[in-house]
Each structure stands twice: as structure tokens, then as C-alpha cells.
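**Student:** The structure under discussion is supplied below as C-alpha cells; questions concerning it will follow.
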Amino acid sequence: MKKFKMIATLSFALVVFPGYSATLIPKQDAGNLHKFGVASVTGIRGDIDDTIHALNAKADKEGAEKFAITSLGTSGDSGLFHGTADVYK
């Protein structure tokens, strides 16, 4: 039983506290960083926070260390959000 609890705890920690995640920064703080692309997401259900989380995941997937949001919004009354961010190493 102890072994099961330890494995469950470690698994939870890996999901909740990943070893690597891109950091959101203000656009004006990106001056000395190397921009290597743009991350974009569309069709996000929820709110602005969900859209930022999706941009963070996309930046992580692209290997970014940092990302700066360039646009966030929704198209009319659709309730679906979209966003873009510059990604940096």
C-alpha cells in the first residue's frame, strides 16, 4: 500500500508541477531575447485565462523559454477565444 501511495503522489507531482514551462512576460521585457516564432490558438472555450493557458501549452510545445502575448480576444458572441504570442529562447 505504501508503494502505491508513493507512486500516486509522484505521478500527481509530475502532472501538477512539470519540470519545464514557458514563462509569460510583458512584451516590453522581451527586448534582449531571441524571438524564434509565434504561437497562436483559436477556438478556445472558456475565458481569457483558458486562452492564456492554451498559449502557454503551445509555447511549451514549440520549445519556448518565454512568451509574450500580442493579442487576445473573441469573435463576436461566439464565446470562442483566440490569441497569439511571440515565443522566445
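All residue names refer to the C-alpha cells as shown: chains lettered A, B, ... in order, residues numbered from 1 in each chain, ligands numbered from 1 in order.
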Neighbouring residues of Val41 in chain A were defined as those with any atom within 8 Å, considering only C-alpha atoms; residues of the same chain fewer than 2 positions away were excluded. Please report them as a list in words.
**Tutor:**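 So the residues in contact are Ala39, Gly43, Ile44, Thr51, Ala54, Leu55, Lys58, His82, Gly83 and Thr84 of chain A.
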**Student:** Write out as number ranges by chain the residues lying within 8 Å of Asn56 in chain A, counting only C-alpha atoms and excluding same-chain residues fewer than 2 positions away.
**Tutor:** A: 21-24, 52-54, 58-60, 67
**Student:** Considering only C-alpha atoms, return as a list in words whatever protein or nucleic-acid residues lie within 7 Å of Arg45 in chain A, sequence-local ones (same chain, fewer than 3 positions apart) excluded.
**Tutor:**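 So, after excluding close chain neighbours, the residues are Gly79, Leu80 and Phe81 of chain A.
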**Student:** Store the residues of this selection in a file with N, CA, C and O atoms, as a PDB file, in the first residue's frame.
**Tutor:**
```pdb
ATOM      1  N   GLY A  79     -18.259  33.161 -28.027  1.00  0.00           N
ATOM      2  CA  GLY A  79     -17.764  32.565 -26.795  1.00  0.00           C
ATOM      3  C   GLY A  79     -16.486  31.777 -26.989  1.00  0.00           C
ATOM      4  O   GLY A  79     -15.972  31.178 -26.060  1.00  0.00           O
ATOM      5  N   LEU A  80     -15.968  31.749 -28.216  1.00  0.00           N
ATOM      6  CA  LEU A  80     -14.705  31.078 -28.501  1.00  0.00           C
ATOM      7  C   LEU A  80     -13.599  32.119 -28.572  1.00  0.00           C
ATOM      8  O   LEU A  80     -13.717  33.112 -29.279  1.00  0.00           O
ATOM      9  N   PHE A  81     -12.533  31.884 -27.832  1.00  0.00           N
ATOM     10  CA  PHE A  81     -11.438  32.841 -27.757  1.00  0.00           C
ATOM     11  C   PHE A  81     -10.298  32.451 -28.691  1.00  0.00           C
ATOM     12  O   PHE A  81     -10.161  31.302 -29.091  1.00  0.00           O
TER      13      PHE A  81
END
```
**Student:** Considering only C-alpha atoms, can you say which of A:Ala64, A:Val38, A:Ile69, A:Ala85 comes closest to Pro26 in chain A?
**Tutor:**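 With only C-alpha atoms as the atom set, the closest residue is A:Ile69.
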**Student:** Compare A:Gln28, A:Asp49, A:Thr42, A:Lys66 by their minimum atom-to-atom distance to Tyr88 in chain A, counting only C-alpha atoms, and give me the closest one.
**Tutor:**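 Among A:Gln28, A:Asp49, A:Thr42, A:Lys66, it is A:Lys66 that comes nearest to Tyr88 in chain A.
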**Student:** In Å, how far is it from CA of Gly46 in chain A to CA of Glu62 in chain A?
**Tutor:**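 Spanning CA of Gly46 in chain A to CA of Glu62 in chain A is a straight-line distance of 23.2 Å.
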**Student:** Return as a PyMOL selection string the full set of residues in range 36-75 of chain A whose backbone-based DSSP assignment is strand (DSSP E).
**Tutor:** chain A and resi 36-45+66-74
**Student:** Name the residues of range 34-89 of chain A that fall into helix (DSSP H, G or I) according to DSSP on the backbone, using the chain letters and numbers of this document, as a PyMOL selection string.
**Tutor:** chain A and resi 48-61
